[in-house]
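K.L.:
One structure, pasted below without further comment.
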Amino acid sequence: MTQYPGVAIITGASRGIGAATAQRLARDGHAIVVNYANDQIAAEHVVRAIEDQGGQAICAKGDVADAACMPMLFELAEQQFGPVSILINNAGIMRNAEIGATSDADFETQCSVNIGGTFRGMREAAMRLTDDGRIVSVSSSVVGLYQPAYGIYAATKAAVEAMTHVLAKELGPRGITVNAVAPGPVETELFLAGKPDHLLDNIKQMNPLGRLGATQDIAATVAFLTGPDGAWINGQTLRVNGGVI
């Protein structure tokens with residue numbers, strides 16, 4: 001079983017789902033490495049919030065698309081807190097456009113962050129994560145919805161799910177579980193930005209529960225998968241979307 005408290009690296013943890021997950025896992029007793037790519041102030045705010053609750057956390061700048069990022073995060077975590085037992089591959093980017101209107105640059109950017117970043121996190125964890133550790137990667141419920149303008153993003157998240165299933169079989173002998181969570185629409189700054197009220201109402205009406213997800217909904221699912229009650233769940237993608245799919 002994963003040791004408690006453990007050490008968790010969370011990529012893209014300065015805002016939204018990543019920030020909520022960092023704070024939730026800290027409340028569960030884990031020391032947290034809050035990774036961010038650009039927004040240092042937001043990352044430091046997450047660290048302060050954790051420390052104010054009696055937890056341990058540090059922030060670490062790094063772009064998961066850079067091959068040097070994940071080794072650096074593991075080294076920093078090990079130096080500060082000890083061996084890493086949990087990796088949350090949360091960092092991602094979405095550039096909505098119909099496939100015929102997608103530029104090479106937007107295609108490459110999404111692939112380098114969403115697929116490449118998750119791959120590099122998984123690869124580093126395969127070499128350095130403690131036995132009986134936990135890996136959780138964030139996919140999306142657009143895999144299954146397949147809506148127009150989400151073609152490239154959905155493809156990158158489908159790749160995340162495929163790697164999740166394979167890695168679970170590769171790391172199973174060491175007691176490491178590997179899973180993914182696939183959120184539906186979640187009420188974050190980035191999701192709400194630029195969307196008029198009538199569009200948000202339509203999105204809510206698509207869901208049987210009649211609301212957007214909260215970041216805490218996703219964080220709670222990650223906490224379950226990384227906690228003792230999730231020990232028998234492995235190689236799965238949990239659709240955390242209120243029943244929209």
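How things are named: the first chain in the structure tokens is A, the next is B, and so on; residues count from 1 in each chain; ligands count from 1 in the order shown.
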Can you pull out every residue within 6 Å of region 208-213 of chain A, counting only C-alpha atoms, but drop anything in the same chain fewer than 4 positions away, and send it as a list of chain:residue names?
P.N.:
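Skipping anything fewer than 4 positions along the chain leaves A:Pro185, A:Val186, A:Glu187, A:Lys204, A:Gly242, A:Gly243.
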K.L.:
Save out the residues we just selected, C-alpha atoms, as a PDB file, in the first residue's frame.
P.N.:
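again36.pdb was written with the following content:
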```pdb
ATOM      1  CA  PRO A 185     -17.257  20.436 -18.173  1.00  0.00           C
ATOM      2  CA  VAL A 186     -15.855  21.847 -14.932  1.00  0.00           C
ATOM      3  CA  GLU A 187     -16.455  25.347 -13.583  1.00  0.00           C
ATOM      4  CA  LYS A 204     -25.635  22.494 -18.001  1.00  0.00           C
ATOM      5  CA  GLY A 242     -22.324  13.841 -13.878  1.00  0.00           C
ATOM      6  CA  GLY A 243     -23.646  11.392 -16.457  1.00  0.00           C
TER       7      GLY A 243
END
```
K.L.:
Would you pick out the contacts of Val136 (chain A) at 8 Å or less, using only C-alpha atoms, so that residues sharing its chain but fewer than 3 positions from it are not included, and give the list as a list of chain:residue names?
P.N.:
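These residues fall inside the cut-off: A:Leu87, A:Ile88, A:Asn89, A:Val178, A:Asn179, A:Ala180, A:Val181, A:Val222, A:Leu225, A:Thr226.
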K.L.:
Write the residues of the selection above to a file with N, CA, C and O atoms, as a PDB file, in the first residue's frame.
P.N.:
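Below is the file that was written, out.pdb:
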```pdb
ATOM      1  N   LEU A  87       2.104  10.482  -8.539  1.00  0.00           N
ATOM      2  CA  LEU A  87       2.233  11.432  -9.648  1.00  0.00           C
ATOM      3  C   LEU A  87       0.858  11.692 -10.231  1.00  0.00           C
ATOM      4  O   LEU A  87       0.150  10.744 -10.607  1.00  0.00           O
ATOM      5  N   ILE A  88       0.499  12.965 -10.327  1.00  0.00           N
ATOM      6  CA  ILE A  88      -0.743  13.377 -10.975  1.00  0.00           C
ATOM      7  C   ILE A  88      -0.377  14.145 -12.237  1.00  0.00           C
ATOM      8  O   ILE A  88       0.129  15.266 -12.167  1.00  0.00           O
ATOM      9  N   ASN A  89      -0.629  13.546 -13.394  1.00  0.00           N
ATOM     10  CA  ASN A  89      -0.392  14.207 -14.686  1.00  0.00           C
ATOM     11  C   ASN A  89      -1.618  15.038 -15.032  1.00  0.00           C
ATOM     12  O   ASN A  89      -2.559  14.561 -15.665  1.00  0.00           O
ATOM     13  N   VAL A 178      -2.238   2.567 -11.924  1.00  0.00           N
ATOM     14  CA  VAL A 178      -2.190   3.621 -12.940  1.00  0.00           C
ATOM     15  C   VAL A 178      -3.604   3.802 -13.481  1.00  0.00           C
ATOM     16  O   VAL A 178      -4.167   2.875 -14.078  1.00  0.00           O
ATOM     17  N   ASN A 179      -4.169   4.965 -13.260  1.00  0.00           N
ATOM     18  CA  ASN A 179      -5.534   5.235 -13.690  1.00  0.00           C
ATOM     19  C   ASN A 179      -5.635   6.627 -14.311  1.00  0.00           C
ATOM     20  O   ASN A 179      -4.702   7.427 -14.244  1.00  0.00           O
ATOM     21  N   ALA A 180      -6.786   6.889 -14.911  1.00  0.00           N
ATOM     22  CA  ALA A 180      -7.072   8.212 -15.468  1.00  0.00           C
ATOM     23  C   ALA A 180      -8.442   8.661 -14.995  1.00  0.00           C
ATOM     24  O   ALA A 180      -9.328   7.832 -14.737  1.00  0.00           O
ATOM     25  N   VAL A 181      -8.617   9.958 -14.878  1.00  0.00           N
ATOM     26  CA  VAL A 181      -9.937  10.538 -14.653  1.00  0.00           C
ATOM     27  C   VAL A 181     -10.271  11.390 -15.867  1.00  0.00           C
ATOM     28  O   VAL A 181      -9.403  12.059 -16.423  1.00  0.00           O
ATOM     29  N   VAL A 222      -9.649  11.927  -7.577  1.00  0.00           N
ATOM     30  CA  VAL A 222      -8.210  11.666  -7.550  1.00  0.00           C
ATOM     31  C   VAL A 222      -7.790  11.195  -6.165  1.00  0.00           C
ATOM     32  O   VAL A 222      -6.996  10.256  -6.027  1.00  0.00           O
ATOM     33  N   LEU A 225      -8.629   7.559  -5.769  1.00  0.00           N
ATOM     34  CA  LEU A 225      -7.735   6.677  -6.514  1.00  0.00           C
ATOM     35  C   LEU A 225      -6.349   6.591  -5.880  1.00  0.00           C
ATOM     36  O   LEU A 225      -5.675   5.567  -5.999  1.00  0.00           O
ATOM     37  N   THR A 226      -5.916   7.662  -5.219  1.00  0.00           N
ATOM     38  CA  THR A 226      -4.590   7.662  -4.612  1.00  0.00           C
ATOM     39  C   THR A 226      -4.629   7.197  -3.159  1.00  0.00           C
ATOM     40  O   THR A 226      -3.578   7.041  -2.535  1.00  0.00           O
TER      41      THR A 226
END
```
K.L.:
I'd like the contact shell of region 14-26 of chain A - 7 Å cut-off, only C-alpha atoms, skipping same-chain residues fewer than 6 positions apart - returned as a JSON list (two decimals) with N, CA and C atoms, in the first residue's frame.
P.N.:
```
[["chain", "number", "residue", "atom", "x", "y", "z"],
["A", 32, "ILE", "N", 3.35, 18.05, -1.07],
["A", 32, "ILE", "CA", 2.95, 18.35, -2.44],
["A", 32, "ILE", "C", 4.00, 19.19, -3.16],
["A", 34, "VAL", "N", 3.88, 21.54, -6.22],
["A", 34, "VAL", "CA", 2.93, 22.26, -7.06],
["A", 34, "VAL", "C", 3.67, 22.74, -8.30],
["A", 35, "ASN", "N", 3.52, 22.04, -9.39],
["A", 35, "ASN", "CA", 4.17, 22.43, -10.63],
["A", 35, "ASN", "C", 3.34, 23.48, -11.36],
["A", 36, "TYR", "N", 4.04, 24.42, -12.00],
["A", 36, "TYR", "CA", 3.37, 25.42, -12.83],
["A", 36, "TYR", "C", 4.28, 25.75, -14.00],
["A", 39, "ASP", "N", 2.38, 30.82, -14.21],
["A", 39, "ASP", "CA", 1.77, 31.68, -13.19],
["A", 39, "ASP", "C", 2.35, 31.40, -11.81],
["A", 42, "ALA", "N", 0.05, 32.45, -8.75],
["A", 42, "ALA", "CA", -1.03, 31.52, -8.44],
["A", 42, "ALA", "C", -0.49, 30.27, -7.76],
["A", 43, "ALA", "N", 0.67, 29.77, -8.22],
["A", 43, "ALA", "CA", 1.27, 28.59, -7.60],
["A", 43, "ALA", "C", 1.65, 28.86, -6.15],
["A", 46, "VAL", "N", -1.34, 28.67, -3.94],
["A", 46, "VAL", "CA", -1.73, 27.30, -3.60],
["A", 46, "VAL", "C", -0.84, 26.77, -2.48],
["A", 50, "ILE", "N", -2.02, 25.61, 1.36],
["A", 50, "ILE", "CA", -1.70, 24.31, 1.95],
["A", 50, "ILE", "C", -0.99, 24.50, 3.29],
["A", 55, "GLY", "N", -0.17, 21.88, 6.11],
["A", 55, "GLY", "CA", 0.45, 20.93, 5.18],
["A", 55, "GLY", "C", 1.83, 21.37, 4.72],
["A", 90, "ASN", "N", -1.60, 16.28, -14.60],
["A", 90, "ASN", "CA", -2.76, 17.15, -14.79],
["A", 90, "ASN", "C", -2.55, 18.21, -15.86],
["A", 188, "THR", "N", -14.27, 26.19, -14.09],
["A", 188, "THR", "CA", -12.99, 26.83, -13.82],
["A", 188, "THR", "C", -12.93, 28.16, -14.58],
["A", 215, "THR", "N", -14.30, 21.86, -9.27],
["A", 215, "THR", "CA", -12.95, 21.31, -9.20],
["A", 215, "THR", "C", -12.83, 20.30, -8.06],
["A", 216, "GLN", "N", -13.59, 20.51, -6.99],
["A", 216, "GLN", "CA", -13.55, 19.58, -5.86],
["A", 216, "GLN", "C", -14.10, 18.21, -6.23],
["A", 218, "ILE", "N", -13.56, 16.65, -9.02],
["A", 218, "ILE", "CA", -12.46, 15.92, -9.65],
["A", 218, "ILE", "C", -11.39, 15.59, -8.63],
["A", 219, "ALA", "N", -11.08, 16.56, -7.77],
["A", 219, "ALA", "CA", -10.06, 16.34, -6.74],
["A", 219, "ALA", "C", -10.45, 15.18, -5.83],
["A", 223, "ALA", "N", -8.33, 11.82, -5.13],
["A", 223, "ALA", "CA", -8.00, 11.42, -3.76],
["A", 223, "ALA", "C", -8.41, 9.98, -3.50]]
```
K.L.:
Would you pick out the contacts of Ala91 (chain A) at 9 Å or less, using only C-alpha atoms, so that residues sharing its chain but fewer than 4 positions from it are not included, and give the list as number ranges by chain?
P.N.:
A: 10-13, 18, 35-37, 63-64, 113-114, 117-118, 138
K.L.:
Between CA of Gln40 (chain A) and CA of Ala60 (chain A), what distance in Å does the model show, to one decimal?
P.N.:
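Going from CA of Gln40 (chain A) over to CA of Ala60 (chain A), I get 8.6 Å.
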K.L.:
Output as number ranges by chain all residues of region 16-171 of chain A that backbone DSSP marks as strand (DSSP E).
P.N.:
A: 31-36, 57-61, 86-89, 134-138
K.L.:
Suppose we keep all heavy atoms; can you now write the selection as a compact mmCIF listing (two decimals), in the first residue's frame?
P.N.:
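The result, written out as out05.txt:
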```txt
# COMPACT_ATOMS: atom_id res chain seq x y z
N ALA A 31 2.82 15.43 1.23
CA ALA A 31 3.62 16.60 0.86
C ALA A 31 3.48 16.81 -0.64
O ALA A 31 3.51 15.84 -1.42
CB ALA A 31 5.08 16.38 1.24
N ILE A 32 3.35 18.05 -1.07
CA ILE A 32 2.95 18.35 -2.44
C ILE A 32 4.00 19.19 -3.16
O ILE A 32 4.47 20.20 -2.63
CB ILE A 32 1.61 19.12 -2.48
CG1 ILE A 32 0.54 18.40 -1.65
CG2 ILE A 32 1.16 19.31 -3.92
CD1 ILE A 32 0.14 17.04 -2.15
N VAL A 33 4.32 18.79 -4.39
CA VAL A 33 5.07 19.63 -5.31
C VAL A 33 4.07 20.23 -6.30
O VAL A 33 3.44 19.50 -7.08
CB VAL A 33 6.17 18.85 -6.06
CG1 VAL A 33 6.84 19.75 -7.10
CG2 VAL A 33 7.19 18.31 -5.08
N VAL A 34 3.88 21.54 -6.22
CA VAL A 34 2.93 22.26 -7.06
C VAL A 34 3.67 22.74 -8.30
O VAL A 34 4.39 23.74 -8.27
CB VAL A 34 2.32 23.46 -6.29
CG1 VAL A 34 1.40 24.27 -7.20
CG2 VAL A 34 1.57 22.97 -5.06
N ASN A 35 3.52 22.04 -9.39
CA ASN A 35 4.17 22.43 -10.63
C ASN A 35 3.34 23.48 -11.36
O ASN A 35 2.11 23.44 -11.35
CB ASN A 35 4.36 21.21 -11.53
CG ASN A 35 4.66 21.58 -12.97
OD1 ASN A 35 3.84 21.38 -13.86
ND2 ASN A 35 5.83 22.16 -13.22
N TYR A 36 4.04 24.42 -12.00
CA TYR A 36 3.37 25.42 -12.83
C TYR A 36 4.28 25.75 -14.00
O TYR A 36 5.50 25.56 -13.94
CB TYR A 36 3.07 26.69 -12.02
CG TYR A 36 4.29 27.48 -11.63
CD1 TYR A 36 4.70 28.60 -12.37
CD2 TYR A 36 5.07 27.12 -10.53
CE1 TYR A 36 5.83 29.32 -12.03
CE2 TYR A 36 6.21 27.84 -10.18
CZ TYR A 36 6.58 28.93 -10.93
OH TYR A 36 7.71 29.64 -10.60
N ALA A 57 4.25 21.93 1.26
CA ALA A 57 4.20 22.09 -0.20
C ALA A 57 5.31 23.02 -0.65
O ALA A 57 5.75 23.90 0.09
CB ALA A 57 2.84 22.64 -0.64
N ILE A 58 5.74 22.83 -1.88
CA ILE A 58 6.64 23.75 -2.56
C ILE A 58 6.12 23.92 -3.98
O ILE A 58 5.40 23.06 -4.50
CB ILE A 58 8.10 23.25 -2.61
CG1 ILE A 58 8.16 21.86 -3.27
CG2 ILE A 58 8.72 23.24 -1.22
CD1 ILE A 58 9.59 21.36 -3.51
N CYS A 59 6.46 25.03 -4.62
CA CYS A 59 6.10 25.20 -6.02
C CYS A 59 7.35 25.07 -6.88
O CYS A 59 8.46 25.34 -6.43
CB CYS A 59 5.38 26.52 -6.27
SG CYS A 59 6.27 28.00 -5.80
N ALA A 60 7.16 24.61 -8.11
CA ALA A 60 8.28 24.33 -9.00
C ALA A 60 7.88 24.67 -10.42
O ALA A 60 6.93 24.08 -10.97
CB ALA A 60 8.69 22.87 -8.91
N LYS A 61 8.60 25.62 -11.02
CA LYS A 61 8.32 26.00 -12.40
C LYS A 61 8.88 24.96 -13.36
O LYS A 61 10.00 24.46 -13.19
CB LYS A 61 8.93 27.36 -12.72
CG LYS A 61 8.62 27.84 -14.13
CD LYS A 61 9.14 29.25 -14.36
CE LYS A 61 8.75 29.73 -15.75
NZ LYS A 61 9.17 31.13 -16.00
N ILE A 86 3.36 9.45 -5.43
CA ILE A 86 2.17 9.78 -6.23
C ILE A 86 2.55 10.76 -7.32
O ILE A 86 3.23 11.76 -7.07
CB ILE A 86 1.07 10.41 -5.35
CG1 ILE A 86 0.56 9.41 -4.31
CG2 ILE A 86 -0.09 10.92 -6.20
CD1 ILE A 86 -0.36 10.04 -3.28
N LEU A 87 2.10 10.48 -8.54
CA LEU A 87 2.23 11.43 -9.65
C LEU A 87 0.86 11.69 -10.23
O LEU A 87 0.15 10.74 -10.61
CB LEU A 87 3.15 10.89 -10.75
CG LEU A 87 3.17 11.72 -12.04
CD1 LEU A 87 3.76 13.10 -11.79
CD2 LEU A 87 3.91 10.99 -13.15
N ILE A 88 0.50 12.97 -10.33
CA ILE A 88 -0.74 13.38 -10.97
C ILE A 88 -0.38 14.15 -12.24
O ILE A 88 0.13 15.27 -12.17
CB ILE A 88 -1.62 14.26 -10.05
CG1 ILE A 88 -1.78 13.64 -8.66
CG2 ILE A 88 -2.97 14.51 -10.71
CD1 ILE A 88 -2.42 12.28 -8.65
N ASN A 89 -0.63 13.55 -13.39
CA ASN A 89 -0.39 14.21 -14.69
C ASN A 89 -1.62 15.04 -15.03
O ASN A 89 -2.56 14.56 -15.67
CB ASN A 89 -0.15 13.16 -15.78
CG ASN A 89 1.18 12.48 -15.65
OD1 ASN A 89 2.22 13.12 -15.56
ND2 ASN A 89 1.17 11.15 -15.65
N ARG A 134 1.10 5.45 -6.80
CA ARG A 134 -0.12 5.77 -7.56
C ARG A 134 0.21 6.77 -8.68
O ARG A 134 0.88 7.77 -8.45
CB ARG A 134 -1.18 6.39 -6.65
CG ARG A 134 -1.58 5.53 -5.46
CD ARG A 134 -2.52 4.41 -5.89
NE ARG A 134 -2.97 3.64 -4.74
CZ ARG A 134 -2.40 2.51 -4.34
NH1 ARG A 134 -1.33 2.04 -4.97
NH2 ARG A 134 -2.88 1.87 -3.30
N ILE A 135 -0.31 6.50 -9.86
CA ILE A 135 -0.25 7.44 -10.98
C ILE A 135 -1.67 7.71 -11.44
O ILE A 135 -2.42 6.76 -11.72
CB ILE A 135 0.59 6.89 -12.14
CG1 ILE A 135 2.02 6.59 -11.70
CG2 ILE A 135 0.58 7.87 -13.32
CD1 ILE A 135 2.84 5.85 -12.74
N VAL A 136 -2.04 8.97 -11.52
CA VAL A 136 -3.35 9.36 -12.06
C VAL A 136 -3.12 10.43 -13.11
O VAL A 136 -2.46 11.44 -12.84
CB VAL A 136 -4.30 9.89 -10.97
CG1 VAL A 136 -5.63 10.30 -11.59
CG2 VAL A 136 -4.53 8.84 -9.89
N SER A 137 -3.66 10.23 -14.30
CA SER A 137 -3.55 11.20 -15.39
C SER A 137 -4.94 11.75 -15.70
O SER A 137 -5.94 11.03 -15.63
CB SER A 137 -2.93 10.56 -16.63
OG SER A 137 -1.63 10.08 -16.34
N VAL A 138 -4.98 13.02 -16.07
CA VAL A 138 -6.26 13.67 -16.37
C VAL A 138 -6.52 13.58 -17.87
O VAL A 138 -5.76 14.10 -18.69
CB VAL A 138 -6.26 15.13 -15.91
CG1 VAL A 138 -7.57 15.81 -16.30
CG2 VAL A 138 -6.07 15.20 -14.39
```
K.L.:
A:Leu129, A:Ala214, A:Ala182, A:Val47: which is nearest Pro83 (chain A), counting only C-alpha atoms?
P.N.:
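Of A:Leu129, A:Ala214, A:Ala182, A:Val47, the one nearest Pro83 (chain A), counting only C-alpha atoms, is A:Leu129.
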K.L.:
Quick one: of A:Leu190, A:Ala231, A:Leu167, A:Ile41, who's nearest to Ala125 (chain A), counting only C-alpha atoms?
P.N.:
A:Leu167
K.L.:
If you measure from CA of Gln56 (chain A) to CA of His30 (chain A), what distance in Å do you get, rounded to one decimal?
P.N.:
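Going from CA of Gln56 (chain A) over to CA of His30 (chain A) covers 7.5 Å.
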K.L.:
Using DSSP assignments from the backbone, pull out every residue in region 4-198 of chain A that falls under alpha helix (DSSP H) and give it to me as a PyMOL selection string.
P.N.:
chain A and resi 16-27+40-52+69-80+104-110+118-128+142-145+151-171+189-192+197-198
